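Enquirer: Before I ask anything, here is the structure I am working with.
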Amino acid sequence: MATGRTHRPATRSRGIPEATVARLPLYLRALTALSERSVPTVSSEELAAAAGVNSAKLRKDFSYLGSYGTRGVGYDVEYLVYQISRELGLTQDWPVVIVGIGNLGAALAGYGGFASRGFRVAALIDADPAMTGKPVAGIPVQHSDDLEKIISEDGVSIGVIATPAGVAQQVCDRLVAAGVTSILNFAPTVLSVPDGVDVRKVDLSIELQILAFHEQRKAGEELGIEAGAEPTAEPGTTAAVPPAARTAEDAGRKGPDGDMPAVMPA
């Protein structure tokens with residue numbers, strides 16, 4: 001079986017847009033679930049709903065793969081699984097090293113989804129001498145002094161960084177210098193890499209903050225609904241601002257997107 005250092009996916013040379021590439025794993029996950037239930041074919045509407053996109057976008061994405069389905073029948077599930085897997089480079093073996101075997105790194109090492117999706121954890125690496133030789137998820141941890149040797153011997157082109165932020169850039173530089181060309185970064189920092197090196201950042205705290213924003217907005221909308229009718233002035237107090245006047249006043253305070261008041265930086 002080929003390794004990740006001998007072949008690169010063809011998506012760039014075939015001109016598939018990055019937005020489409022980002023959706024291919026969503027389609028593959030939905031198709032894999034259908035395959036496990038022995039579903040032979042699926043319509044674009046059904047698959048789009050399962051993947052969380054609209055059917056027109058799905059059909060456009062699949063046109064880049066040269067797959068148009070059959071009118072009245074839909075798409076062949078098993079063929080699409082193979083086609084998307086091949087396009088993503090998942091029909092070959094991709095050796096991966098995980099650097100930083102703390103709680104997160106250990107959890108990643110034990111993730112069963114790697115092997116089933118074409119990725120093999122070739123090595124676990126940590127700078128703590130006390131971790132050297134300790135098995136994690138059945139794989140002995142190796143010391144970071146051997147990083148370059150491990151990458152060379154195993155033909156690794158994908159590195160996962162799960163270290164503290166303060167050392168992530170140093171680890172990244174060593175990975176790149178040793179020949180790693182794709183990095184999945186879990187460290188809470190932005191990495192600087194040369195051209196030709198791809199970095200994907202996973203930051204759980206940012207995702208939670210975005211969810212908190214939406215929760216706050218939903219709570220505000222619910223309070224607005226519960227408030228009901230427009231307030232009226234009590235006798236002897238200042239009259240309430242008429243809705244039309246208030247709308248005109250608010251228009252001058254909206255942000256650049258027109259839907260929220262502008263917030264000045266602290």
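Ordering of the structure tokens sets the chain letters (A, B, ...), residue numbers begin anew at 1 in every chain, and ligands are numbered from 1 in the order given.
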Quick one: DSSP helix (DSSP H, G or I) residues in range 121-227 of chain A, as a count of residues only?

Expert: 51

Enquirer: Which residues come within 9 Å of range 113-128 of chain A, counting only C-alpha atoms, excluding same-chain residues fewer than 5 positions away, as an NGL selection string?

Expert: :A and (85 or 89-102 or 105-106 or 108 or 136 or 139-147 or 150-151 or 154 or 156 or 163)

Enquirer: Excluding Arg29 in chain A and its own-chain neighbours fewer than 3 positions away, which residues fall within 12 Å of it when counting only C-alpha atoms? Please give them as a VMD selection string.

Expert: chain A and resid 23 to 26 32 to 36 47 to 48 50 to 52 77 80 to 81 84 to 85 113 116 to 117

Enquirer: Any idea what's packed within 9 Å of Asn185 in chain A, counting only C-alpha atoms, ignoring anything in its chain fewer than 3 positions away? Could you give it as a list in words?

Expert: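 After dropping sequence-adjacent residues, the list is Gly159, Val160, Ile161, Ala162, Thr163, Ala168, Cys172, Pro188, Thr189, Val190, Leu191, Val199, Arg200, Lys201, Val202 and Asp203 of chain A.
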
Enquirer: With N, CA, C and O atoms retained, write the just-selected residues as a short mmCIF file (atom, residue, chain, number, x, y, z; two decimals), in the first residue's frame.

Expert:
data_model
loop_
_atom_site.label_atom_id
_atom_site.label_comp_id
_atom_site.auth_asym_id
_atom_site.auth_seq_id
_atom_site.Cartn_x
_atom_site.Cartn_y
_atom_site.Cartn_z
N GLY A 159 1.21 15.90 10.15
CA GLY A 159 1.51 16.00 11.58
C GLY A 159 0.36 16.62 12.33
O GLY A 159 -0.31 17.53 11.83
N VAL A 160 0.12 16.12 13.54
CA VAL A 160 -0.92 16.66 14.41
C VAL A 160 -0.24 17.29 15.61
O VAL A 160 0.54 16.62 16.31
N ILE A 161 -0.50 18.56 15.86
CA ILE A 161 0.11 19.27 16.99
C ILE A 161 -0.93 19.42 18.09
O ILE A 161 -1.96 20.07 17.91
N ALA A 162 -0.64 18.81 19.24
CA ALA A 162 -1.54 18.90 20.40
C ALA A 162 -0.75 19.36 21.62
O ALA A 162 -0.99 18.92 22.74
N THR A 163 0.21 20.23 21.39
CA THR A 163 1.09 20.74 22.45
C THR A 163 0.52 22.03 23.04
O THR A 163 -0.42 22.62 22.49
N ALA A 168 4.18 25.33 20.22
CA ALA A 168 3.57 24.84 18.99
C ALA A 168 4.33 25.29 17.74
O ALA A 168 4.54 24.50 16.82
N CYS A 172 6.07 22.99 15.00
CA CYS A 172 5.67 23.16 13.60
C CYS A 172 6.91 23.33 12.71
O CYS A 172 7.00 22.69 11.64
N PRO A 188 -3.79 26.31 20.80
CA PRO A 188 -4.51 27.59 20.70
C PRO A 188 -3.61 28.74 20.26
O PRO A 188 -3.39 29.71 20.99
N THR A 189 -3.08 28.63 19.05
CA THR A 189 -2.22 29.68 18.51
C THR A 189 -2.21 29.57 17.00
O THR A 189 -2.55 28.52 16.44
N VAL A 190 -1.85 30.67 16.34
CA VAL A 190 -1.76 30.68 14.89
C VAL A 190 -0.34 30.33 14.48
O VAL A 190 0.62 30.92 14.98
N LEU A 191 -0.22 29.37 13.57
CA LEU A 191 1.10 28.91 13.13
C LEU A 191 1.50 29.61 11.84
O LEU A 191 0.67 29.87 10.97
N VAL A 199 -2.18 24.08 6.67
CA VAL A 199 -2.50 24.00 8.09
C VAL A 199 -4.01 24.09 8.28
O VAL A 199 -4.65 24.98 7.71
N ARG A 200 -4.55 23.16 9.05
CA ARG A 200 -5.95 23.22 9.45
C ARG A 200 -5.96 23.39 10.96
O ARG A 200 -5.33 22.62 11.68
N LYS A 201 -6.70 24.40 11.43
CA LYS A 201 -6.73 24.70 12.87
C LYS A 201 -8.04 24.24 13.47
O LYS A 201 -9.11 24.52 12.93
N VAL A 202 -7.95 23.56 14.60
CA VAL A 202 -9.12 23.13 15.35
C VAL A 202 -9.06 23.81 16.72
O VAL A 202 -8.16 23.52 17.51
N ASP A 203 -9.97 24.74 16.97
CA ASP A 203 -9.99 25.47 18.24
C ASP A 203 -11.37 25.33 18.86
O ASP A 203 -12.32 26.00 18.46
#

Enquirer: I need the residue nearest Val53 in chain A from this list: A:Leu65, A:Ala30, A:Met131, A:Ala107. Use only C-alpha atoms for the distance.

Expert: A:Ala30

Enquirer: When you count only C-alpha atoms, which of these residues is closest to Gly179 in chain A: A:Glu18, A:Glu78, A:Glu215, A:Glu153?

Expert: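 The closest residue to Gly179 in chain A is A:Glu153.
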
Enquirer: As a list in words, please: all residues of range 45-134 of chain A that backbone DSSP puts in strand (DSSP E).

Expert: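 So the strand (DSSP E) residues in range 45-134 of chain A would be Tyr75, Asp76, Trp94, Pro95, Val96, Val97, Ile98, Val99, Phe119, Arg120, Val121, Ala122, Ala123, Leu124, Ile125 and Asp126 of chain A.
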
Enquirer: Rounded to one decimal place, report the CA of Thr20 in chain A-CA of Arg86 in chain A distance in Å.

Expert: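 Answer for the CA of Thr20 in chain A to CA of Arg86 in chain A separation: 14.8 Å.
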
Enquirer: Point out the residue among A:Ser67, A:Gln169, A:Ser55, A:Ser157 with the least atom-to-atom distance to Thr181 in chain A, counting only C-alpha atoms.

Expert: A:Ser157

Enquirer: Would you mind telling me which residue in A:Leu204, A:Gly66, A:Lys149, A:Asp61 lies nearest to Ala19 in chain A when using only C-alpha atoms?

Expert: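 The answer is A:Asp61, which sits nearest to Ala19 in chain A.
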
Enquirer: Grab the CA of Glu221 in chain A to CA of Gln209 in chain A distance for me, in Å with one decimal place.

Expert: 18.5 Å
